[in-house]
Structures are given as structure tokens and as C-alpha cells.
$ cat final_28.cif   # mmCIF, C-alpha atoms and all ligand atoms
data_coords
#
loop_
_atom_site.label_atom_id
_atom_site.label_comp_id
_atom_site.auth_asym_id
_atom_site.auth_seq_id
_atom_site.Cartn_x
_atom_site.Cartn_y
_atom_site.Cartn_z
CA MET A 895 117.36 94.01 120.02
CA ASN A 896 116.97 97.41 121.64
CA GLU A 897 113.80 99.42 121.07
CA PRO A 898 113.02 99.14 117.32
CA VAL A 899 113.98 102.19 115.29
CA VAL A 900 111.72 101.23 112.40
CA SER A 901 108.95 98.67 112.42
CA LEU A 902 106.58 97.60 109.70
CA GLU A 903 103.15 96.45 110.78
CA GLY A 904 101.02 94.65 108.20
CA VAL A 905 102.54 96.62 105.33
CA HIS A 906 101.26 96.13 101.78
CA VAL A 907 102.81 97.67 98.67
CA LEU A 908 100.89 97.40 95.41
CA HIS A 909 102.19 98.67 92.08
CA SER A 910 100.31 99.28 88.92
CA ALA A 911 102.00 97.70 85.91
CA ARG A 912 101.22 97.44 82.23
CA GLY A 913 99.08 94.35 81.64
CA GLY A 914 98.53 92.12 78.63
CA GLY A 915 96.19 94.39 76.61
CA LEU A 916 96.88 97.86 75.29
CA PHE A 917 95.08 99.68 78.08
CA ARG A 918 95.14 96.98 80.72
CA ARG A 919 96.86 97.69 84.04
CA ASP A 920 97.74 94.87 86.38
CA VAL A 921 98.20 95.16 90.12
CA VAL A 922 101.59 93.85 91.30
CA HIS A 923 101.59 92.59 94.89
CA ALA A 924 105.17 93.61 95.69
CA LEU A 925 104.78 93.35 99.47
CA THR A 926 101.92 91.70 101.35
CA ASP A 927 101.19 92.08 105.05
CA ALA A 928 104.84 92.47 106.09
CA THR A 929 105.64 92.79 109.80
CA VAL A 930 109.34 93.21 110.67
CA SER A 931 111.48 95.55 112.78
CA ALA A 932 114.99 96.92 112.72
CA GLY A 933 116.93 98.45 115.58
CA ARG A 934 120.40 99.30 116.81
CA GLY A 935 123.03 96.63 117.19
CA GLU A 936 121.23 93.92 115.28
CA ILE A 937 121.68 92.53 111.77
CA LEU A 938 118.45 91.47 110.11
CA GLY A 939 119.08 89.43 106.97
CA VAL A 940 116.32 89.35 104.36
CA VAL A 941 116.48 86.48 101.87
CA GLY A 942 114.40 85.11 99.03
CA GLU A 943 114.44 84.56 95.30
CA SER A 944 114.53 87.34 92.76
CA GLY A 945 111.30 89.33 92.64
CA CYS A 946 110.06 88.22 96.10
CA GLY A 947 109.91 91.80 97.39
CA LYS A 948 113.25 92.24 99.18
CA SER A 949 114.04 95.61 97.59
CA THR A 950 110.51 96.82 98.16
CA LEU A 951 110.83 95.94 101.84
CA ALA A 952 114.18 97.78 101.94
CA LYS A 953 112.63 100.88 100.39
CA VAL A 954 109.76 100.85 102.87
CA VAL A 955 112.18 100.54 105.83
CA VAL A 956 114.23 103.49 104.60
CA GLY A 957 111.20 105.63 103.76
CA LEU A 958 111.72 105.65 99.98
CA GLN A 959 108.45 103.80 99.41
CA GLN A 960 105.22 104.72 101.13
CA PRO A 961 103.08 101.65 101.82
CA THR A 962 99.75 101.24 100.07
CA SER A 963 98.38 100.18 103.46
CA GLY A 964 99.69 99.16 106.87
CA THR A 965 101.86 101.17 109.24
CA VAL A 966 105.53 102.06 109.39
CA ARG A 967 106.59 103.16 112.86
CA PHE A 968 109.64 105.29 113.61
CA ARG A 969 110.47 104.93 117.31
CA GLY A 970 106.82 104.07 117.86
CA GLU A 971 105.31 106.97 115.90
CA ASP A 972 103.48 106.57 112.59
CA LEU A 973 106.17 107.63 110.12
CA TRP A 974 103.85 108.73 107.35
CA SER A 975 101.75 110.86 109.71
CA LEU A 976 104.79 112.83 110.87
CA PRO A 977 105.24 116.32 109.43
CA ALA A 978 107.54 116.18 106.38
CA ARG A 979 110.18 118.16 108.26
CA ARG A 980 110.41 115.64 111.10
CA ARG A 981 110.42 112.81 108.60
CA ARG A 982 113.33 114.42 106.80
CA GLU A 983 115.33 115.61 109.81
CA GLU A 984 114.72 112.89 112.39
CA PHE A 985 113.89 109.76 110.41
CA GLY A 986 116.08 110.74 107.43
CA THR A 987 119.14 110.99 109.64
CA SER A 988 118.38 107.84 111.66
CA VAL A 989 118.00 105.40 108.79
CA ALA A 990 120.30 105.36 105.75
CA MET A 991 120.66 103.22 102.66
CA VAL A 992 123.58 101.63 100.86
CA PHE A 993 122.66 100.64 97.33
CA GLN A 994 123.79 97.68 95.30
CA ASP A 995 126.03 99.49 92.88
CA ALA A 996 128.11 102.39 94.15
CA SER A 997 129.23 103.26 90.62
CA THR A 998 125.70 104.50 89.87
CA ALA A 999 124.82 105.64 93.41
CA LEU A 1000 127.72 108.12 93.72
CA ASN A 1001 127.83 111.30 91.64
CA PRO A 1002 130.71 110.66 89.18
CA ARG A 1003 131.52 114.39 88.90
CA LEU A 1004 132.07 115.05 92.60
CA PRO A 1005 135.25 114.24 94.53
CA VAL A 1006 134.76 111.97 97.51
CA ARG A 1007 135.18 114.95 99.89
CA ARG A 1008 132.09 116.65 98.41
CA ILE A 1009 130.12 113.39 98.36
CA LEU A 1010 130.75 112.89 102.08
CA ARG A 1011 130.25 116.55 102.97
CA ASP A 1012 126.97 116.84 101.14
CA PRO A 1013 124.70 115.26 103.81
CA LEU A 1014 126.53 117.29 106.51
CA ASP A 1015 125.96 120.51 104.55
CA VAL A 1016 122.30 119.72 103.84
CA HIS A 1017 121.61 119.01 107.51
CA ARG A 1018 123.92 121.84 108.68
CA ARG A 1019 126.00 119.59 110.94
CA GLY A 1020 128.78 121.50 112.77
CA THR A 1021 131.05 124.24 111.46
CA ALA A 1022 132.86 124.09 108.11
CA ARG A 1023 135.98 122.94 109.93
CA GLN A 1024 134.11 120.24 111.83
CA ARG A 1025 132.61 118.97 108.57
CA GLU A 1026 136.07 118.65 107.05
CA ASP A 1027 137.21 116.74 110.14
CA ARG A 1028 134.16 114.52 109.87
CA VAL A 1029 135.03 113.66 106.25
CA ARG A 1030 138.46 112.51 107.42
CA ASP A 1031 136.95 110.50 110.27
CA LEU A 1032 134.44 108.87 107.94
CA LEU A 1033 137.18 107.74 105.56
CA ASP A 1034 139.08 106.38 108.51
CA LEU A 1035 136.00 104.56 109.79
CA VAL A 1036 135.60 102.68 106.51
CA GLY A 1037 139.32 101.92 106.19
CA LEU A 1038 140.18 104.35 103.37
CA PRO A 1039 143.30 106.56 103.34
CA GLY A 1040 142.83 110.35 103.57
CA HIS A 1041 143.95 111.05 99.99
CA VAL A 1042 140.83 109.26 98.68
CA ALA A 1043 138.98 112.49 99.60
CA GLU A 1044 140.38 114.13 96.46
CA ALA A 1045 139.52 111.24 94.11
CA LEU A 1046 136.53 111.01 91.80
CA PRO A 1047 134.46 107.81 92.15
CA GLY A 1048 135.64 106.66 88.71
CA GLY A 1049 139.25 106.68 89.93
CA LEU A 1050 138.52 104.19 92.72
CA SER A 1051 138.20 100.40 92.71
CA GLY A 1052 134.75 98.83 93.15
CA GLY A 1053 135.51 97.94 96.76
CA GLN A 1054 136.74 101.47 97.54
CA ARG A 1055 133.62 102.97 95.93
CA GLN A 1056 131.37 100.79 98.06
CA ARG A 1057 133.34 101.89 101.15
CA VAL A 1058 132.68 105.50 100.16
CA ALA A 1059 128.98 104.66 99.81
CA VAL A 1060 129.05 103.17 103.32
CA ALA A 1061 130.89 106.26 104.63
CA ARG A 1062 128.24 108.52 103.10
CA ALA A 1063 125.48 106.44 104.70
CA LEU A 1064 127.29 106.85 108.05
CA ALA A 1065 127.76 110.62 107.71
CA LEU A 1066 124.75 111.61 109.82
CA GLU A 1067 125.35 108.91 112.44
CA PRO A 1068 122.32 106.78 111.64
CA ASP A 1069 121.04 104.06 113.95
CA VAL A 1070 120.20 101.68 111.13
CA ILE A 1071 121.65 101.13 107.66
CA VAL A 1072 119.70 99.28 105.01
CA ALA A 1073 122.06 97.56 102.59
CA ASP A 1074 120.41 96.16 99.45
CA GLU A 1075 122.72 93.54 97.92
CA PRO A 1076 125.71 95.74 98.89
CA THR A 1077 128.35 93.38 97.52
CA SER A 1078 126.72 91.78 94.49
CA ALA A 1079 128.35 94.25 92.07
CA LEU A 1080 131.81 93.59 93.55
CA ASP A 1081 134.53 91.09 92.67
CA VAL A 1082 134.36 88.03 94.86
CA SER A 1083 137.80 88.88 96.28
CA VAL A 1084 136.63 92.17 97.84
CA ARG A 1085 133.14 91.07 98.91
CA ALA A 1086 134.33 89.65 102.22
CA GLN A 1087 136.18 92.88 103.03
CA VAL A 1088 133.05 95.01 102.61
CA LEU A 1089 130.95 92.51 104.56
CA ASN A 1090 133.50 92.47 107.38
CA LEU A 1091 133.44 96.25 107.39
CA LEU A 1092 129.67 96.21 107.96
CA VAL A 1093 130.04 93.68 110.77
CA ASP A 1094 132.81 95.77 112.36
CA LEU A 1095 130.63 98.88 112.21
CA ARG A 1096 127.91 97.07 114.10
CA ALA A 1097 130.47 96.26 116.79
CA THR A 1098 132.15 99.68 116.97
CA LEU A 1099 129.14 101.96 116.45
CA GLY A 1100 126.33 99.71 117.66
CA LEU A 1101 124.77 100.17 114.25
CA GLY A 1102 121.73 98.16 113.17
CA LEU A 1103 121.77 96.65 109.72
CA VAL A 1104 119.07 95.39 107.40
CA PHE A 1105 120.98 93.24 104.96
CA ILE A 1106 119.13 92.26 101.80
CA SER A 1107 120.62 89.42 99.81
CA HIS A 1108 119.86 86.38 97.74
CA ASP A 1109 123.14 84.89 98.95
CA ILE A 1110 121.99 82.51 101.65
CA GLN A 1111 125.48 81.64 102.89
CA THR A 1112 126.38 85.28 103.48
CA VAL A 1113 123.15 85.99 105.31
CA ARG A 1114 123.61 82.92 107.45
CA TYR A 1115 127.11 84.13 108.35
CA LEU A 1116 126.19 87.78 109.00
CA ALA A 1117 122.70 87.98 110.39
CA ASP A 1118 121.41 87.77 113.95
CA ARG A 1119 117.88 87.37 112.65
CA ILE A 1120 116.63 86.24 109.26
CA ALA A 1121 113.38 87.05 107.46
CA VAL A 1122 112.57 84.71 104.57
CA MET A 1123 110.40 86.15 101.80
CA TYR A 1124 108.38 84.43 99.12
CA LEU A 1125 106.22 86.24 96.58
CA GLY A 1126 105.83 89.41 98.61
CA ARG A 1127 105.29 87.68 101.94
CA VAL A 1128 107.54 87.10 104.94
CA VAL A 1129 106.96 83.36 105.42
CA GLU A 1130 109.39 82.76 108.30
CA GLU A 1131 111.36 84.98 110.64
CA GLY A 1132 113.53 84.51 113.68
CA PRO A 1133 117.00 84.05 115.16
CA ALA A 1134 119.43 83.12 112.38
CA ALA A 1135 120.45 79.82 113.95
CA ALA A 1136 116.83 78.72 114.27
CA VAL A 1137 115.76 79.82 110.78
CA ALA A 1138 118.84 78.36 109.07
CA GLY A 1139 119.21 75.27 111.25
CA GLU A 1140 115.63 74.44 112.18
CA ALA A 1141 113.64 75.85 109.31
CA ARG A 1142 109.94 75.32 109.80
CA HIS A 1143 108.57 76.64 106.53
CA PRO A 1144 109.20 74.18 103.67
CA TYR A 1145 110.36 77.08 101.48
CA THR A 1146 112.98 78.08 104.05
CA ARG A 1147 114.12 74.49 104.28
CA ALA A 1148 114.46 74.29 100.49
CA LEU A 1149 116.33 77.59 100.35
CA PHE A 1150 118.86 76.62 102.98
CA SER A 1151 119.22 73.07 101.71
CA ALA A 1152 120.60 74.53 98.47
CA THR A 1153 123.73 75.62 100.33
CA PRO A 1154 124.68 72.73 102.59
CA SER A 1155 127.44 73.50 105.05
CA LEU A 1156 130.02 71.13 106.49
CA LEU A 1157 128.17 71.27 109.76
CA ASP A 1158 124.93 69.73 108.60
CA ASP A 1159 123.86 66.90 106.38
CA THR A 1160 120.58 68.34 105.16
CA GLU A 1161 119.34 66.73 102.02
CA ARG A 1162 119.20 69.05 99.06
CA ILE A 1163 115.71 70.04 97.94
CA VAL A 1164 115.35 71.19 94.37
CA LEU A 1165 112.27 73.29 93.77
CA THR A 1166 110.50 72.74 90.49
CA GLY A 1167 107.96 74.85 88.64
CA PRO A 1168 107.95 78.58 88.11
CA VAL A 1169 107.48 81.20 90.82
CA PRO A 1170 103.88 82.42 90.28
CA SER A 1171 103.33 85.94 88.99
CA ALA A 1172 103.17 88.74 91.56
CA THR A 1173 100.17 90.07 89.62
CA ARG A 1174 98.19 86.91 90.34
CA PRO A 1175 99.57 85.34 93.53
CA PRO A 1176 97.93 82.02 94.43
CA SER A 1177 95.22 82.06 97.09
CA GLY A 1178 96.24 81.01 100.59
CA CYS A 1179 99.93 80.19 100.92
CA PRO A 1180 101.80 81.59 97.89
CA PHE A 1181 104.32 78.72 98.05
CA ARG A 1182 101.71 75.97 97.76
CA THR A 1183 102.08 75.65 93.96
CA ARG A 1184 105.69 74.48 94.44
CA CYS A 1185 105.39 72.84 97.84
CA TRP A 1186 105.68 69.07 98.20
CA LYS A 1187 103.49 69.17 101.31
CA ALA A 1188 100.61 71.26 99.95
CA THR A 1189 97.04 70.15 100.61
CA ASP A 1190 93.67 71.75 99.85
CA GLU A 1191 93.85 73.51 103.22
CA CYS A 1192 96.83 75.55 101.97
CA ALA A 1193 94.67 77.22 99.31
CA VAL A 1194 92.12 78.57 101.79
CA GLU A 1195 93.97 81.39 103.52
CA PHE A 1196 97.48 82.57 104.28
CA PRO A 1197 98.25 80.78 107.55
CA HIS A 1198 98.48 82.77 110.77
CA ALA A 1199 101.93 83.05 112.29
CA THR A 1200 102.97 80.29 114.62
CA LEU A 1201 105.57 81.01 117.28
CA ALA A 1202 108.06 78.26 118.26
CA ALA A 1203 107.88 79.25 121.91
CA PRO A 1204 106.70 82.50 123.49
CA GLU A 1205 110.20 83.96 123.97
CA SER A 1206 111.88 82.45 120.91
CA GLY A 1207 110.91 85.12 118.41
CA HIS A 1208 110.91 82.38 115.76
CA SER A 1209 107.71 82.39 113.72
CA TRP A 1210 106.45 80.90 110.47
CA HIS A 1211 103.32 80.81 108.36
CA CYS A 1212 102.62 77.22 107.41
CA VAL A 1213 99.99 74.62 108.20
CA HIS A 1214 102.41 71.71 107.53
CA PRO A 1215 105.65 72.92 109.14
CA GLU A 1216 108.81 70.88 109.27
CA ILE A 1217 109.29 68.99 112.51
CA HIS A 1218 112.73 68.81 114.12
CA PRO A 1219 113.89 66.51 116.88
CA GLY A 1220 113.38 68.33 120.13
CA SER A 1221 111.10 70.98 118.67
CA HIS A 1222 107.82 71.55 120.46
CA PRO A 1223 105.01 69.76 118.65
CA GLU A 1224 102.52 72.10 120.33
CA THR A 1225 103.28 75.53 118.94
CA HIS A 1226 101.80 78.86 119.74
CA PRO A 1227 99.51 80.51 117.23
CA SER A 1228 100.24 84.20 117.21
CA ARG A 1229 99.61 87.34 115.20
CA ARG A 1230 99.00 87.06 111.49
N1 LIG B 1301 107.82 100.30 90.44
C1 LIG B 1301 107.33 99.08 90.18
N2 LIG B 1301 106.31 98.93 89.30
C2 LIG B 1301 105.79 97.72 89.05
N3 LIG B 1301 106.22 96.57 89.61
C3 LIG B 1301 107.24 96.65 90.50
C4 LIG B 1301 107.86 97.91 90.82
N4 LIG B 1301 108.84 97.69 91.72
C5 LIG B 1301 108.85 96.34 91.95
N5 LIG B 1301 107.90 95.74 91.21
C6 LIG B 1301 107.57 94.30 91.21
O1 LIG B 1301 107.36 93.94 92.58
C7 LIG B 1301 107.89 92.63 92.83
C8 LIG B 1301 108.92 92.73 93.93
O2 LIG B 1301 110.07 93.45 93.42
P1 LIG B 1301 111.38 93.68 94.27
O3 LIG B 1301 112.32 94.46 93.43
O4 LIG B 1301 111.02 94.23 95.59
O5 LIG B 1301 111.93 92.19 94.46
P2 LIG B 1301 113.40 91.68 94.85
O6 LIG B 1301 113.19 90.48 95.72
O7 LIG B 1301 114.19 92.79 95.41
O8 LIG B 1301 114.00 91.24 93.45
P3 LIG B 1301 115.53 91.26 92.99
O9 LIG B 1301 116.26 90.33 93.90
O10 LIG B 1301 115.44 90.75 91.59
O11 LIG B 1301 115.99 92.68 93.07
C9 LIG B 1301 108.43 92.12 91.49
O12 LIG B 1301 107.41 91.36 90.88
C10 LIG B 1301 108.70 93.39 90.73
O13 LIG B 1301 108.61 93.14 89.33
#
$ encode --input "final_28.cif" --output "C-alpha cells"
Amino acid sequence: MNEPVVSLEGVHVLHSARGGGLFRRDVVHALTDATVSAGRGEILGVVGESGCGKSTLAKVVVGLQQPTSGTVRFRGEDLWSLPARRRREEFGTSVAMVFQDASTALNPRLPVRRILRDPLDVHRRGTARQREDRVRDLLDLVGLPGHVAEALPGGLSGGQRQRVAVARALALEPDVIVADEPTSALDVSVRAQVLNLLVDLRATLGLGLVFISHDIQTVRYLADRIAVMYLGRVVEEGPAAAVAGEARHPYTRALFSATPSLLDDTERIVLTGPVPSATRPPSGCPFRTRCWKATDECAVEFPHATLAAPESGHSWHCVHPEIHPGSHPETHPSRR
């Protein structure tokens, strides 16, 4: 990856939620000690079960959620210490978001032309004429015909609406787009088209993508790197081939074993027991209550990151990692 555009360093997000009693408030550990980066030209896939913190991570990356603690860096600077104007004008135009459901994310009363012009008007990009040209170019970029500019979102198909949402995210020429389950509201038949569009945009514009999904197969197909989350924590991260093919964290192995491909003969691991509550995560490794390898040691503390090899960029947090033929038995303890 090039220089990271956004990086999270030890980011925690806590929410206050209504607890059991009338006046009781519980603390939800939505994101715990997350360290990941996103930059141009790279697709980072983020996977994990429902409620593991994927959307929270997405919101932190795009600046919609301020961390409770930890640091978010924008091109090396502390994002939340920047003056609001720089945050809005520099960060806000460098990182954009595509939401899950374009039918709620796009204003139903505005024609597509206005939807695409809006960010250009707000940020005073070019002359009126240039903005009109840009609207046409944006439609072209996402494979939509020019006449779509006059349509209202309700008059478009789901796939076309999501293309408009992608075009709007591209309006200010961002470096990174965060896409939170961008195809889960679409018919299966058009999902691949929207996914291919995102991959093409990476190739043509050198765009970086943070792709949030619970669809393991899609992430495996799309991503250059994969971050695996469990109960608010990133438990494994690294090059997609290594994470998917040589998973070290037992949770990652279980997750990927649920979608065997023709190329491997991994045995399917079925996880039993409920995911613990994010208001009372287990001590130590959060996965230990469902892990077939757990020992008393796992309850003591969340394991430090271990790096496969210094240059591999493949790391995991587990004291009983999976061993693969050819993998280095001596691994390299690293940052937390
Ligand atoms: N505003 C909030 N107030 C209270 N709890 C919240 C809030 N936002 C998220 N949470 C909780 O934080 C945890 C992480 O939520 P998040 O939406 O990030 O997970 P997710 O992996 O994206 O889930 P899904 O795949 O279902 O969208 C969950 O336990 C969720 O209930």
C-alpha cells in the first residue's frame, strides 16, 4: 500500500446503552483497541459476524464516529485535533462512504443530477458548467447512461441506485471509499456488477477501498488484505491469501471453513454457543468461550499481536494459533 490515508491506532469506541434496570446504563464495547490502515490502491476487507463492530470501524475510518480513546491519523496527522475546517475540507473530501442501502441514503425528492452536484456545490468545485460536466463524467464512470441524471432515485433499479451512490461518493475525487455492506440490499443478480464496478474503480482511479461485509466469499475474492473482527476486536489481519488460506486465529479458520472453495479441502468447523454480549466481553481473548483450543491462559489477557514474518504484514492475536505446513514455528511477537 502507498502511504496510509487513514490509520487507526489503538482505537476504542464505547457506547452507553439502556441496561436491565429502569435507570441502568450499560457500556457497549463496540470497538476495542483497533489498529488498521487504509490507503490508495488497496482493498481492505473487514469480516466478522453480526455485531462484531464492522460498521463502527467503518464509521471511525470515515470520520462519522469519534473514538472514545486511541488515535485516528489522516496522512499522519491526528484527525480529531485538526481544526474542523480542515477536517471537513481535506479529510471530508479524501474519504467517502457508500452505505448499505441506497434507497435510504439518497434523497428521494432530488433528481440524480442534483444528488451528484450537491457535494460539488458545497465544496465549490469548478464553475457551474464544469460541475454539470462532472455530473456527466461521474455517471459515465459508474456505467450509467446520461439520461439517468433526470431520474429520481425511486425511478431507478436497486443496482442503478447503488451506482448513483458510488458516483456521489466519487464526486470529490476521494482517495479512499468505505463501503459498508454495499451489495447486501441488492438482488443477487446485480451484486456482482456493483462489486466489479468497485474493483474497476480501484484499477482506473487507483482508489482505496475499505469493504465491510459478512460475506466471506466476496471478501476473499475482492480484498488485497483482510481484517477479521470478533466482538469489537481485530483478531487477525494480513494479505488476503494468507488470512483466507493460512488462517492462524481459530476464529478466522472457523469463519473461512464455513465457505469451502474448490481449491481447498478444509474441514468445516461449526461454532457452537452464543457470541458473548458486547456489554460484558469475556476477559482475555473474547473468542475463548467458543474456542475449541481455549485454556486458562486465554482468560488472562488479550494476546499481543504475533507477526508471521517481519515483512509479511500477517498478524494475529492468539496464544494457540493454527499451524500450517511450512509456516514458521518461531513467530515474531509485535505490537499489541
Ligand atoms: N449507537 C449505539 N449505541 C449502543 N450500542 C451500539 C451503537 N452502535 C453500535 N452498537 C453496538 O456495538 C456493537 C457493534 O455494532 P456494529 O454495528 O459496529 O457491528 P456490525 O459488525 O457492523 O454488525 P452488523 O453486521 O449487524 O451491522 C453491537 O453490539 C451494537 O449493538
$ closest_atom_pairs --input "final_28.cif" --of "chain A" --to "ligand LIG 1301 (chain B)" --cutoff "7 Å" --atoms "all atoms listed in the file" --output "Markdown table"
| residue | atom | partner | partner_atom | distance |
| --- | --- | --- | --- | --- |
| A:His909 | CA | B:LIG1301 | C2 | 4.8 |
| A:Ser910 | CA | B:LIG1301 | C2 | 5.7 |
| A:Ala911 | CA | B:LIG1301 | C2 | 4.9 |
| A:Val922 | CA | B:LIG1301 | N3 | 5.6 |
| A:His923 | CA | B:LIG1301 | O1 | 6.4 |
| A:Ala924 | CA | B:LIG1301 | O1 | 3.8 |
| A:Leu925 | CA | B:LIG1301 | C8 | 6.9 |
| A:Gly942 | CA | B:LIG1301 | O6 | 6.4 |
| A:Glu943 | CA | B:LIG1301 | O6 | 6.1 |
| A:Ser944 | CA | B:LIG1301 | O9 | 3.6 |
| A:Gly945 | CA | B:LIG1301 | O8 | 3.4 |
| A:Cys946 | CA | B:LIG1301 | O6 | 3.9 |
| A:Gly947 | CA | B:LIG1301 | O4 | 3.2 |
| A:Lys948 | CA | B:LIG1301 | O6 | 3.9 |
| A:Ser949 | CA | B:LIG1301 | O7 | 3.6 |
| A:Thr950 | CA | B:LIG1301 | O4 | 3.7 |
| A:Leu951 | CA | B:LIG1301 | O4 | 6.5 |
| A:His1108 | CA | B:LIG1301 | O9 | 6.6 |
| A:Gly1126 | CA | B:LIG1301 | C8 | 6.5 |
| A:Ala1172 | CA | B:LIG1301 | O12 | 5.0 |
$ atom_distance --input "final_28.cif" --atom1 "atom CA of A:Val1036" --atom2 "atom CA of A:Leu1099"
11.9 Å
$ residues_around --input "final_28.cif" --residues "A:Ala1136" --least-positions-apart "4" --cutoff "12 Å" --atoms "all atoms listed in the file" --output "MDAnalysis selection string"
chainID A and resid 1114 1117:1121 1130:1132 1140:1143 1146:1147 1150 1201:1203 1206:1210 1218 1221
$ residues_around --input "final_28.cif" --residues "A:Ala1061" --least-positions-apart "5" --cutoff "8 Å" --atoms "all atoms listed in the file" --output "MDAnalysis selection string"
chainID A and resid 1010 1032:1033 1035:1036
$ atom_distance --input "final_28.cif" --atom1 "atom CA of A:Val905" --atom2 "atom CA of A:Gly1139"
27.7 Å
$ residues_around --input "final_28.cif" --residues "stretch 1165-1168 of chain A" --least-positions-apart "6" --cutoff "12 Å" --atoms "all atoms listed in the file" --output "number ranges by chain"
A: 943-944, 1125, 1144-1152, 1180-1186
$ closest_atom_pairs --input "final_28.cif" --of "stretch 896-919 of chain A" --to "stretch 971-979 of chain A" --cutoff "12 Å" --atoms "only C-alpha atoms" --output "tab-separated table"
residue	atom	partner	partner_atom	distance
A:Pro898	CA	A:Glu971	CA	11.1
A:Val899	CA	A:Glu971	CA	9.9
A:Val900	CA	A:Leu973	CA	8.8
A:Ser901	CA	A:Asp972	CA	9.6
A:Leu902	CA	A:Asp972	CA	9.9
A:Glu903	CA	A:Asp972	CA	10.3
$ residues_around --input "final_28.cif" --residues "A:Ala1063" --least-positions-apart "4" --cutoff "10 Å" --atoms "all atoms listed in the file" --output "JSON list (two decimals) with C-alpha atoms, keeping the file's coordinate frame"
[["chain", "number", "residue", "atom", "x", "y", "z"],
["A", 987, "THR", "CA", 119.14, 110.99, 109.64],
["A", 989, "VAL", "CA", 118.00, 105.40, 108.79],
["A", 990, "ALA", "CA", 120.30, 105.36, 105.75],
["A", 991, "MET", "CA", 120.66, 103.22, 102.66],
["A", 992, "VAL", "CA", 123.58, 101.63, 100.86],
["A", 993, "PHE", "CA", 122.66, 100.64, 97.33],
["A", 1010, "LEU", "CA", 130.75, 112.89, 102.08],
["A", 1013, "PRO", "CA", 124.70, 115.26, 103.81],
["A", 1032, "LEU", "CA", 134.44, 108.87, 107.94],
["A", 1057, "ARG", "CA", 133.34, 101.89, 101.15],
["A", 1058, "VAL", "CA", 132.68, 105.50, 100.16],
["A", 1059, "ALA", "CA", 128.98, 104.66, 99.81],
["A", 1067, "GLU", "CA", 125.35, 108.91, 112.44],
["A", 1068, "PRO", "CA", 122.32, 106.78, 111.64],
["A", 1070, "VAL", "CA", 120.20, 101.68, 111.13],
["A", 1071, "ILE", "CA", 121.65, 101.13, 107.66],
["A", 1072, "VAL", "CA", 119.70, 99.28, 105.01],
["A", 1073, "ALA", "CA", 122.06, 97.56, 102.59]]
$ closest_residue --input "final_28.cif" --among "A:Pro1170, A:Gly939, A:Pro1047, A:Gly1178" --to "A:Asp1190" --atoms "only C-alpha atoms"
A:Gly1178
$ closest_residue --input "final_28.cif" --among "A:Leu1092, A:Asp927, A:Leu1046, A:Val1060" --to "A:Phe1196" --atoms "only C-alpha atoms"
A:Asp927
$ atom_distance --input "final_28.cif" --atom1 "atom CA of A:Ile937" --atom2 "atom CA of A:Arg1096"
8.1 Å
$ residues_near_point --input "final_28.cif" --point "(109.5, 108.2, 104.2)" --cutoff "10 Å" --atoms "all atoms listed in the file" --output "list in words"
Lys953, Val954, Val955, Val956, Gly957, Leu958, Gln959, Gln960, Pro961, Val966, Phe968, Leu973, Trp974, Ser975, Leu976, Ala978, Arg981, Arg982, Phe985 and Gly986 of chain A
$ closest_residue --input "final_28.cif" --among "A:Thr1112, A:Thr962, A:Gln1024, A:Thr1153" --to "A:Arg1085" --atoms "only C-alpha atoms"
A:Thr1112
$ closest_residue --input "final_28.cif" --among "A:Gly904, A:Gly1040, A:Gly913, A:Gly1100" --to "A:Ala928" --atoms "only C-alpha atoms"
A:Gly904
